[in-house]
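**Q** Provided below: my_file-v4.cif, containing mmCIF, C-alpha atoms.
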data_start
loop_
_atom_site.label_atom_id
_atom_site.label_comp_id
_atom_site.auth_asym_id
_atom_site.auth_seq_id
_atom_site.Cartn_x
_atom_site.Cartn_y
_atom_site.Cartn_z
CA MET A 1 135.81 133.71 114.80
CA THR A 2 133.78 131.21 116.82
CA VAL A 3 135.38 129.23 119.64
CA TYR A 4 134.11 125.95 121.08
CA CYS A 5 135.72 124.28 124.07
CA ALA A 6 135.11 121.02 125.92
CA THR A 7 136.96 118.78 128.37
CA PHE A 8 137.04 115.01 128.22
CA PRO A 9 138.21 112.25 130.56
CA VAL A 10 141.57 110.69 129.66
CA SER A 11 140.00 107.51 128.31
CA ILE A 12 139.44 105.72 125.01
CA ALA A 13 135.77 105.56 125.98
CA ALA A 14 135.62 109.36 125.51
CA VAL A 15 136.41 109.10 121.79
CA SER A 16 132.72 109.00 120.82
CA ALA A 17 132.08 112.19 122.81
CA VAL A 18 135.04 113.85 121.09
CA HIS A 19 133.53 112.96 117.70
CA ASP A 20 130.14 114.31 118.75
CA PHE A 21 131.83 117.55 119.88
CA LEU A 22 133.56 117.94 116.49
CA ASP A 23 130.24 117.44 114.70
CA VAL A 24 129.46 121.07 115.61
CA LEU A 25 131.73 121.94 112.66
CA SER A 26 129.09 120.59 110.26
CA GLN A 27 126.98 123.63 111.18
CA GLU A 28 129.90 125.97 110.54
CA ARG A 29 129.95 125.70 106.75
CA CYS A 30 132.95 123.37 106.95
CA SER A 31 133.10 120.82 104.13
CA ALA A 32 132.25 117.22 105.00
CA VAL A 33 135.74 116.19 103.92
CA ALA A 34 137.42 118.72 106.25
CA VAL A 35 135.23 117.65 109.18
CA HIS A 36 136.01 113.96 108.56
CA ASP A 37 139.74 114.52 108.20
CA LEU A 38 139.94 116.70 111.30
CA LYS A 39 137.93 114.12 113.28
CA VAL A 40 140.40 111.40 112.29
CA ALA A 41 143.38 113.60 113.20
CA VAL A 42 141.94 114.71 116.55
CA GLU A 43 141.02 111.11 117.44
CA GLU A 44 144.54 109.92 116.64
CA MET A 45 146.14 112.59 118.81
CA PHE A 46 143.58 112.14 121.61
CA VAL A 47 144.28 108.38 121.68
CA ASN A 48 147.98 109.16 121.71
CA ILE A 49 147.61 111.38 124.78
CA VAL A 50 145.61 108.62 126.53
CA ALA A 51 148.38 106.11 125.73
CA HIS A 52 151.04 108.44 127.12
CA SER A 53 149.03 109.16 130.25
CA ASP A 54 148.89 105.42 130.90
CA ALA A 55 152.65 105.26 130.56
CA GLY A 56 153.10 107.74 133.43
CA GLY A 57 152.51 111.40 134.16
CA GLN A 58 148.82 111.57 134.93
CA SER A 59 146.51 114.10 133.35
CA ASP A 60 142.99 114.55 134.73
CA VAL A 61 141.36 115.75 131.56
CA ILE A 62 142.07 116.54 127.93
CA THR A 63 140.78 119.92 126.80
CA VAL A 64 139.82 120.33 123.15
CA THR A 65 139.30 123.82 121.73
CA LEU A 66 138.04 124.56 118.23
CA ASP A 67 138.76 127.97 116.68
CA VAL A 68 136.62 128.37 113.58
CA ALA A 69 137.71 131.08 111.15
CA ASP A 70 136.45 131.76 107.62
CA ASP A 71 139.06 129.69 105.87
CA ALA A 72 140.40 127.30 108.50
CA VAL A 73 139.65 125.43 111.70
CA ARG A 74 142.22 125.07 114.44
CA ALA A 75 141.82 122.25 116.97
CA THR A 76 143.95 122.49 120.12
CA LEU A 77 144.41 119.55 122.51
CA GLU A 78 145.80 120.27 125.97
CA ASP A 79 146.79 117.87 128.74
CA SER A 80 148.97 117.98 131.83
CA ALA A 81 150.71 114.61 131.46
CA MET A 82 154.48 114.40 131.04
CA ALA A 83 155.98 116.29 128.13
CA PHE A 84 155.56 114.47 124.83
CA ASP A 85 156.10 115.98 121.41
CA PRO A 86 154.32 113.75 118.87
CA LEU A 87 156.11 115.54 116.03
CA THR A 88 159.28 113.70 117.04
CA ALA A 89 157.62 110.25 116.69
CA THR A 90 159.30 107.84 114.26
CA PRO A 91 157.25 107.54 111.06
CA PRO A 92 155.97 104.06 110.19
CA ASP A 93 157.67 102.01 107.48
CA LEU A 94 155.07 102.21 104.73
CA ASP A 95 157.15 100.29 102.19
CA SER A 96 156.99 96.95 103.98
CA PRO A 97 153.92 94.74 103.44
CA LEU A 98 150.97 95.76 105.59
CA HIS A 99 150.87 92.59 107.73
CA GLU A 100 154.57 92.89 108.62
CA ARG A 101 154.42 96.49 109.82
CA GLN A 102 154.71 97.62 113.40
CA THR A 103 151.42 99.33 114.18
CA GLY A 104 152.95 102.10 116.32
CA GLY A 105 153.33 105.51 114.77
CA MET A 106 150.62 104.94 112.17
CA GLY A 107 148.04 107.14 113.91
CA ILE A 108 150.35 110.13 114.26
CA TYR A 109 151.48 109.74 110.66
CA LEU A 110 147.87 109.58 109.47
CA ALA A 111 146.95 112.69 111.47
CA ARG A 112 149.89 114.65 110.07
CA GLN A 113 148.94 113.74 106.51
CA LEU A 114 145.30 114.75 106.98
CA VAL A 115 145.81 118.23 108.45
CA ASP A 116 147.55 121.21 106.88
CA ASP A 117 149.61 122.04 109.93
CA MET A 118 150.47 120.48 113.29
CA SER A 119 152.47 122.20 116.02
CA TYR A 120 153.45 121.35 119.58
CA ARG A 121 154.56 123.39 122.55
CA ARG A 122 155.07 122.77 126.26
CA GLU A 123 153.49 125.58 128.22
CA GLY A 124 153.08 125.90 132.00
CA GLY A 125 153.42 122.17 132.58
CA ARG A 126 150.92 121.35 129.81
CA ASN A 127 151.24 119.76 126.39
CA VAL A 128 149.60 122.01 123.80
CA LEU A 129 149.05 120.45 120.40
CA THR A 130 147.46 122.42 117.58
CA LEU A 131 146.07 120.97 114.35
CA SER A 132 144.93 123.25 111.52
CA ILE A 133 142.90 122.36 108.49
CA LYS A 134 141.61 124.52 105.63
CA VAL A 135 137.86 124.34 105.21
CA MET B 1 128.41 107.75 116.34
CA SER B 2 128.27 104.04 116.89
CA LEU B 3 129.28 101.10 114.72
CA ARG B 4 126.58 98.78 113.43
CA ILE B 5 127.63 95.38 112.12
CA ALA B 6 125.24 93.23 110.06
CA ARG B 7 126.30 89.69 109.23
CA SER B 8 125.07 87.69 106.26
CA LEU B 9 126.12 84.62 104.33
CA LYS B 10 126.88 85.34 100.68
CA LYS B 11 127.48 81.72 99.78
CA PRO B 12 128.73 78.69 101.72
CA GLY B 13 131.95 79.70 103.49
CA VAL B 14 131.75 83.37 102.46
CA VAL B 15 130.51 85.79 105.13
CA VAL B 16 129.67 89.45 104.54
CA LEU B 17 129.96 91.97 107.37
CA THR B 18 128.21 95.22 106.46
CA LEU B 19 129.62 98.04 108.57
CA ALA B 20 127.69 101.25 109.17
CA GLY B 21 128.73 104.31 111.16
CA SER B 22 132.10 104.84 112.74
CA LEU B 23 135.02 102.41 113.00
CA ASP B 24 137.10 104.29 115.57
CA ALA B 25 139.21 103.71 118.69
CA LYS B 26 136.08 103.09 120.77
CA THR B 27 134.15 100.85 118.34
CA ALA B 28 137.03 98.90 116.74
CA THR B 29 136.84 96.25 119.46
CA ASP B 30 133.25 95.43 118.39
CA LEU B 31 134.52 94.46 114.94
CA GLU B 32 137.51 92.68 116.46
CA ASP B 33 135.14 90.53 118.56
CA GLU B 34 132.92 89.77 115.55
CA VAL B 35 135.88 88.79 113.37
CA GLY B 36 137.30 86.68 116.23
CA LYS B 37 134.05 84.73 116.37
CA LEU B 38 134.02 84.19 112.61
CA LEU B 39 137.60 82.96 112.56
CA GLN B 40 136.68 80.20 115.00
CA ASP B 41 134.46 78.80 112.27
CA SER B 42 136.73 76.44 110.37
CA ASP B 43 134.55 76.51 107.25
CA ILE B 44 135.13 80.17 106.43
CA ILE B 45 137.07 80.78 103.20
CA GLY B 46 136.04 84.35 102.49
CA LEU B 47 135.23 87.41 104.59
CA VAL B 48 133.80 90.42 102.78
CA LEU B 49 133.70 93.81 104.51
CA ASP B 50 131.01 95.93 102.83
CA LEU B 51 131.92 99.54 103.67
CA GLU B 52 129.20 101.37 101.72
CA LEU B 53 127.62 102.74 104.92
CA LEU B 54 130.85 103.25 106.83
CA GLU B 55 131.27 106.98 107.38
CA PHE B 56 134.45 107.11 109.44
CA ILE B 57 137.65 105.13 109.95
CA SER B 58 140.77 105.89 112.00
CA SER B 59 144.00 103.95 112.54
CA ALA B 60 142.31 101.85 115.25
CA GLY B 61 139.85 100.70 112.57
CA LEU B 62 142.66 100.05 110.10
CA ARG B 63 144.39 97.87 112.66
CA VAL B 64 141.34 95.61 112.99
CA VAL B 65 141.03 95.32 109.20
CA VAL B 66 144.71 94.30 109.01
CA MET B 67 144.17 91.87 111.89
CA ALA B 68 141.19 90.36 110.03
CA GLN B 69 143.30 90.02 106.90
CA LYS B 70 146.06 88.23 108.83
CA GLY B 71 143.51 85.97 110.54
CA MET B 72 141.82 85.04 107.28
CA LYS B 73 145.17 84.33 105.65
CA ALA B 74 146.22 82.10 108.57
CA ALA B 75 142.92 80.23 108.16
CA GLY B 76 143.64 79.71 104.45
CA GLY B 77 140.99 82.22 103.40
CA THR B 78 140.79 85.73 101.98
CA LEU B 79 139.62 89.12 103.27
CA MET B 80 137.87 91.29 100.70
CA MET B 81 136.56 94.84 100.87
CA ILE B 82 133.87 96.47 98.78
CA ASN B 83 132.25 99.91 98.37
CA LEU B 84 134.91 102.09 99.98
CA GLN B 85 133.64 105.66 100.23
CA PRO B 86 136.10 108.42 99.22
CA GLN B 87 136.98 109.50 102.78
CA ILE B 88 137.57 105.87 103.80
CA ARG B 89 139.68 105.12 100.73
CA LYS B 90 141.76 108.22 101.47
CA VAL B 91 142.71 106.86 104.93
CA PHE B 92 143.69 103.47 103.44
CA ASP B 93 145.64 105.26 100.70
CA ILE B 94 147.66 107.43 103.09
CA VAL B 95 149.09 104.41 104.89
CA LYS B 96 149.53 102.54 101.57
CA ALA B 97 147.25 99.75 102.76
CA LEU B 98 145.33 99.06 99.55
CA PRO B 99 148.03 97.34 97.45
CA SER B 100 148.12 94.47 99.98
CA MET B 101 144.34 94.05 100.04
CA GLU B 102 141.59 92.63 97.84
CA VAL B 103 139.39 95.65 97.12
CA PHE B 104 136.42 95.65 94.72
CA SER B 105 134.48 98.62 93.46
CA SER B 106 131.33 96.73 92.50
CA VAL B 107 129.34 93.68 93.53
CA THR B 108 129.78 92.25 90.00
CA GLU B 109 133.55 92.52 90.33
CA LEU B 110 133.40 90.81 93.73
CA ASP B 111 131.09 88.06 92.43
CA ASN B 112 133.45 87.30 89.56
CA TYR B 113 136.34 87.03 92.00
CA LEU B 114 134.32 84.80 94.35
CA ALA B 115 133.33 82.49 91.47
CA GLN B 116 137.00 82.20 90.58
CA MET B 117 137.95 81.60 94.22
CA GLN B 118 135.28 78.93 94.59
CA ARG B 119 136.61 77.11 91.52
CA CYS B 120 140.17 77.11 92.90
CA TYR B 121 138.93 76.02 96.30
CA CYS B 122 136.91 73.13 94.84
CA ARG B 123 139.87 71.92 92.82
CA GLU B 124 142.02 71.84 95.96
CA GLN B 125 139.51 69.68 97.83
#
Before anything else, please render the file you have as structure tokens.
**A**
Amino acid sequence: MTVYCATFPVSIAAVSAVHDFLDVLSQERCSAVAVHDLKVAVEEMFVNIVAHSDAGGQSDVITVTLDVADDAVRATLEDSAMAFDPLTATPPDLDSPLHERQTGGMGIYLARQLVDDMSYRREGGRNVLTLSIKV
Amino acid sequence: MSLRIARSLKKPGVVVLTLAGSLDAKTATDLEDEVGKLLQDSDIIGLVLDLELLEFISSAGLRVVVMAQKGMKAAGGTLMMINLQPQIRKVFDIVKALPSMEVFSSVTELDNYLAQMQRCYCREQ
């Protein structure tokens, strides 16, 4: 198993750097589809952490760790902002016409659909969110 | 990866924005600004987003596309999309966005639609 780890500022501006970091997976025999889908999911959850940090409970950095195994990649996002479990977020109403929908919740929903597993735990004052995708 | 936006005029009143690269939380505002500028032009009746070279889209990108659709509708025009790559289509599909949008798989299909639109538009004038 190969492990990659990087820390990013709690800012939307860091999203490009997060994408560049995830591009390392292209050299790990991961399919292009898996890399794309994981990038979308990680961006959505990263942006979500930034939004919650703005709302209160500061975090200095967001740490992203990639565990690459033969059949799956696990991406873990950690921050020290106030506890927030994205798995409890209300799903968006996908049956109403697009232009009438509330935009909130769409990113988390999209991320959950794109990965095979998402789990959350609060550990030592940190939010630890893990996304897994088969490659 | 950055977002590159190329603007061209397909026919009078119909603008094509060709997007290349990544439409994500960081770059979505670039498209938002470009669409905002176009919507100030009262003559616009059609906006085509050509996504052939778009490699990545997240919900921030989707939001700008929806915003562009609303803006075009409010201006009495139409937003159209063409050449969605499989990974882009998948994202639109998951949030059930495509049924509400004008999506074309080929330039011929788009041209036929535009010819039709132009005829309707001329009759209204």
**Q** Around (142.3, 104.3, 116.8), as given in the file, which residues come within 6 Å? Count all atoms listed in the file and list them as a list in words.
**A**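 These residues have at least one counted atom within 6 Å: Asp24, Ala25, Ser58, Ser59 and Ala60 of chain B.
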**Q** Given only C-alpha atoms as the basis, pick out the residue of B:Leu110, B:Val16, B:Ala6, B:Ala97 nearest to chain A.
**A** B:Ala97
**Q** Using all atoms listed in the file, I'd like every residue of chain A that has an atom within 9 Å of chain B; please write them out as a PyMOL selection string.
**A** chain A and resi 12-17+19-20+33+36-37+39-41+43-44+47+92+94-95+97-99+103+106-107+109-110+113-114
**Q** For CA of Leu3 in chain B and CA of Leu25 in chain A, determine how far apart the two atoms are, in Å to one decimal place.
**A** 21.1 Å
**Q** I want to know what sits within 12 Å of Leu66 in chain A, based on all atoms listed in the file, with residues of the same chain fewer than 6 positions away left out; could you give that as a JSON list (two decimals) with C-alpha atoms, in the coordinates of the input?
**A**
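Result file is part.json:
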[["chain", "number", "residue", "atom", "x", "y", "z"],
["A", 1, "MET", "CA", 135.81, 133.71, 114.80],
["A", 2, "THR", "CA", 133.78, 131.21, 116.82],
["A", 3, "VAL", "CA", 135.38, 129.23, 119.64],
["A", 4, "TYR", "CA", 134.11, 125.95, 121.08],
["A", 5, "CYS", "CA", 135.72, 124.28, 124.07],
["A", 6, "ALA", "CA", 135.11, 121.02, 125.92],
["A", 7, "THR", "CA", 136.96, 118.78, 128.37],
["A", 18, "VAL", "CA", 135.04, 113.85, 121.09],
["A", 21, "PHE", "CA", 131.83, 117.55, 119.88],
["A", 22, "LEU", "CA", 133.56, 117.94, 116.49],
["A", 23, "ASP", "CA", 130.24, 117.44, 114.70],
["A", 24, "VAL", "CA", 129.46, 121.07, 115.61],
["A", 25, "LEU", "CA", 131.73, 121.94, 112.66],
["A", 28, "GLU", "CA", 129.90, 125.97, 110.54],
["A", 35, "VAL", "CA", 135.23, 117.65, 109.18],
["A", 38, "LEU", "CA", 139.94, 116.70, 111.30],
["A", 39, "LYS", "CA", 137.93, 114.12, 113.28],
["A", 42, "VAL", "CA", 141.94, 114.71, 116.55],
["A", 72, "ALA", "CA", 140.40, 127.30, 108.50],
["A", 73, "VAL", "CA", 139.65, 125.43, 111.70],
["A", 74, "ARG", "CA", 142.22, 125.07, 114.44],
["A", 75, "ALA", "CA", 141.82, 122.25, 116.97],
["A", 76, "THR", "CA", 143.95, 122.49, 120.12],
["A", 77, "LEU", "CA", 144.41, 119.55, 122.51],
["A", 78, "GLU", "CA", 145.80, 120.27, 125.97],
["A", 129, "LEU", "CA", 149.05, 120.45, 120.40],
["A", 130, "THR", "CA", 147.46, 122.42, 117.58],
["A", 131, "LEU", "CA", 146.07, 120.97, 114.35],
["A", 132, "SER", "CA", 144.93, 123.25, 111.52],
["A", 133, "ILE", "CA", 142.90, 122.36, 108.49]]
**Q** Between CA of Glu32 in chain B and CA of Gly77 in chain B, what is the distance in Å, rounded to a tenth?
**A**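 Separation between CA of Glu32 in chain B and CA of Gly77 in chain B: 17.1 Å.
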**Q** Which residue out of B:Ile45, B:Leu38, B:Cys120, B:Leu31 has the minimum interatomic distance to Val64 in chain B when all atoms listed in the file are used?
**A** B:Leu31
**Q** CA of Ala74 in chain B and CA of Ile44 in chain B are how many Å apart?
**A**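 These atoms are spaced 11.5 Å apart.
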**Q** Taking only C-alpha atoms into account, which of A:Val64, A:Ala34, A:Met45, A:Ala83 comes nearest Arg112 in chain A?
**A**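 Smallest separation from Arg112 in chain A among the options: A:Met45.
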**Q** Show me, as a PyMOL selection string, the residues that have an atom within 9 Å of Leu87 in chain A when counting only C-alpha atoms, minus same-chain residues fewer than 6 positions from it.
**A** chain A and resi 108+112+118-120
**Q** Between B:Met72, B:Val65, B:Leu51, B:Ala20, which has the minimum distance to Ser106 in chain B (counting all atoms listed in the file)?
**A**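 Selected residue with least distance to Ser106 in chain B: B:Leu51.
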**Q** Using only C-alpha atoms, pick whichever of B:Val103, B:Val35, B:Leu79, B:Leu114 has the shortest atom-to-atom distance to Val48 in chain B.
**A**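 Closest to Val48 in chain B, using only C-alpha atoms: B:Leu79.
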**Q** I need the output of the PyMOL selection byres ((chain B and resi 52) around 9) for this file as a ChimeraX atom specification; which residues are they?
**A** /B:18-20,50-51,53-55,82-85
**Q** With distances taken over all atoms listed in the file, which of A:Asp70, A:Ala32, A:Val10, A:Gln27 is nearest to Ala51 in chain A?
**A** A:Val10
**Q** Can you list, as a ChimeraX atom specification, every protein, DNA or RNA residue that comes within 7 Å of Val15 in chain B when you count all atoms listed in the file, leaving out same-chain residues fewer than 5 positions away?
**A** /B:8-10,46-48
**Q** Atoms are missing here; could range 34-62 of chain A be completed with N, CA and C atoms and written as a PDB file, keeping the file's coordinate frame?
**A**
ATOM      1  N   ALA A  34     136.587 118.089 105.215  1.00  0.00           N
ATOM      2  CA  ALA A  34     137.420 118.720 106.250  1.00  0.00           C
ATOM      3  C   ALA A  34     137.009 118.235 107.637  1.00  0.00           C
ATOM      4  N   VAL A  35     135.702 118.115 107.866  1.00  0.00           N
ATOM      5  CA  VAL A  35     135.230 117.650 109.180  1.00  0.00           C
ATOM      6  C   VAL A  35     135.711 116.218 109.428  1.00  0.00           C
ATOM      7  N   HIS A  36     135.565 115.356 108.421  1.00  0.00           N
ATOM      8  CA  HIS A  36     136.010 113.960 108.560  1.00  0.00           C
ATOM      9  C   HIS A  36     137.505 113.891 108.856  1.00  0.00           C
ATOM     10  N   ASP A  37     138.282 114.603 108.059  1.00  0.00           N
ATOM     11  CA  ASP A  37     139.740 114.520 108.200  1.00  0.00           C
ATOM     12  C   ASP A  37     140.195 115.061 109.552  1.00  0.00           C
ATOM     13  N   LEU A  38     139.567 116.146 109.997  1.00  0.00           N
ATOM     14  CA  LEU A  38     139.940 116.700 111.300  1.00  0.00           C
ATOM     15  C   LEU A  38     139.535 115.747 112.428  1.00  0.00           C
ATOM     16  N   LYS A  39     138.374 115.082 112.260  1.00  0.00           N
ATOM     17  CA  LYS A  39     137.930 114.120 113.280  1.00  0.00           C
ATOM     18  C   LYS A  39     138.932 112.968 113.394  1.00  0.00           C
ATOM     19  N   VAL A  40     139.402 112.482 112.252  1.00  0.00           N
ATOM     20  CA  VAL A  40     140.400 111.400 112.290  1.00  0.00           C
ATOM     21  C   VAL A  40     141.648 111.891 113.021  1.00  0.00           C
ATOM     22  N   ALA A  41     142.136 113.082 112.621  1.00  0.00           N
ATOM     23  CA  ALA A  41     143.380 113.600 113.200  1.00  0.00           C
ATOM     24  C   ALA A  41     143.244 113.844 114.700  1.00  0.00           C
ATOM     25  N   VAL A  42     142.126 114.441 115.115  1.00  0.00           N
ATOM     26  CA  VAL A  42     141.940 114.710 116.550  1.00  0.00           C
ATOM     27  C   VAL A  42     141.834 113.393 117.320  1.00  0.00           C
ATOM     28  N   GLU A  43     141.102 112.410 116.746  1.00  0.00           N
ATOM     29  CA  GLU A  43     141.020 111.110 117.440  1.00  0.00           C
ATOM     30  C   GLU A  43     142.414 110.505 117.634  1.00  0.00           C
ATOM     31  N   GLU A  44     143.201 110.524 116.557  1.00  0.00           N
ATOM     32  CA  GLU A  44     144.540 109.920 116.640  1.00  0.00           C
ATOM     33  C   GLU A  44     145.370 110.576 117.749  1.00  0.00           C
ATOM     34  N   MET A  45     145.319 111.900 117.828  1.00  0.00           N
ATOM     35  CA  MET A  45     146.140 112.590 118.810  1.00  0.00           C
ATOM     36  C   MET A  45     145.568 112.437 120.220  1.00  0.00           C
ATOM     37  N   PHE A  46     144.245 112.373 120.309  1.00  0.00           N
ATOM     38  CA  PHE A  46     143.580 112.140 121.610  1.00  0.00           C
ATOM     39  C   PHE A  46     144.000 110.770 122.154  1.00  0.00           C
ATOM     40  N   VAL A  47     143.911 109.749 121.294  1.00  0.00           N
ATOM     41  CA  VAL A  47     144.280 108.380 121.680  1.00  0.00           C
ATOM     42  C   VAL A  47     145.755 108.322 122.096  1.00  0.00           C
ATOM     43  N   ASN A  48     146.563 109.097 121.399  1.00  0.00           N
ATOM     44  CA  ASN A  48     147.980 109.160 121.710  1.00  0.00           C
ATOM     45  C   ASN A  48     148.228 109.735 123.110  1.00  0.00           C
ATOM     46  N   ILE A  49     147.481 110.774 123.446  1.00  0.00           N
ATOM     47  CA  ILE A  49     147.610 111.380 124.780  1.00  0.00           C
ATOM     48  C   ILE A  49     147.179 110.363 125.849  1.00  0.00           C
ATOM     49  N   VAL A  50     146.079 109.646 125.582  1.00  0.00           N
ATOM     50  CA  VAL A  50     145.610 108.620 126.530  1.00  0.00           C
ATOM     51  C   VAL A  50     146.704 107.575 126.739  1.00  0.00           C
ATOM     52  N   ALA A  51     147.328 107.135 125.650  1.00  0.00           N
ATOM     53  CA  ALA A  51     148.380 106.110 125.730  1.00  0.00           C
ATOM     54  C   ALA A  51     149.555 106.631 126.568  1.00  0.00           C
ATOM     55  N   HIS A  52     149.907 107.892 126.375  1.00  0.00           N
ATOM     56  CA  HIS A  52     151.040 108.440 127.120  1.00  0.00           C
ATOM     57  C   HIS A  52     150.700 108.704 128.584  1.00  0.00           C
ATOM     58  N   SER A  53     149.442 108.972 128.854  1.00  0.00           N
ATOM     59  CA  SER A  53     149.030 109.160 130.250  1.00  0.00           C
ATOM     60  C   SER A  53     149.115 107.845 130.996  1.00  0.00           C
ATOM     61  N   ASP A  54     148.790 106.747 130.282  1.00  0.00           N
ATOM     62  CA  ASP A  54     148.890 105.420 130.900  1.00  0.00           C
ATOM     63  C   ASP A  54     150.340 105.093 131.247  1.00  0.00           C
ATOM     64  N   ALA A  55     151.243 105.594 130.394  1.00  0.00           N
ATOM     65  CA  ALA A  55     152.650 105.260 130.560  1.00  0.00           C
ATOM     66  C   ALA A  55     153.282 106.016 131.741  1.00  0.00           C
ATOM     67  N   GLY A  56     152.570 106.949 132.314  1.00  0.00           N
ATOM     68  CA  GLY A  56     153.100 107.740 133.430  1.00  0.00           C
ATOM     69  C   GLY A  56     152.741 109.191 133.235  1.00  0.00           C
ATOM     70  N   GLY A  57     152.829 109.977 134.291  1.00  0.00           N
ATOM     71  CA  GLY A  57     152.510 111.400 134.160  1.00  0.00           C
ATOM     72  C   GLY A  57     151.022 111.574 133.954  1.00  0.00           C
ATOM     73  N   GLN A  58     150.281 111.516 135.010  1.00  0.00           N
ATOM     74  CA  GLN A  58     148.820 111.570 134.930  1.00  0.00           C
ATOM     75  C   GLN A  58     148.305 112.920 134.441  1.00  0.00           C
ATOM     76  N   SER A  59     147.242 112.892 133.689  1.00  0.00           N
ATOM     77  CA  SER A  59     146.510 114.100 133.350  1.00  0.00           C
ATOM     78  C   SER A  59     145.056 113.814 133.707  1.00  0.00           C
ATOM     79  N   ASP A  60     144.374 114.777 134.321  1.00  0.00           N
ATOM     80  CA  ASP A  60     142.990 114.550 134.730  1.00  0.00           C
ATOM     81  C   ASP A  60     142.042 114.592 133.552  1.00  0.00           C
ATOM     82  N   VAL A  61     142.260 115.566 132.706  1.00  0.00           N
ATOM     83  CA  VAL A  61     141.360 115.750 131.560  1.00  0.00           C
ATOM     84  C   VAL A  61     142.170 116.145 130.322  1.00  0.00           C
ATOM     85  N   ILE A  62     141.519 116.004 129.178  1.00  0.00           N
ATOM     86  CA  ILE A  62     142.070 116.540 127.930  1.00  0.00           C
ATOM     87  C   ILE A  62     141.090 117.624 127.476  1.00  0.00           C
TER      88      ILE A  62
END
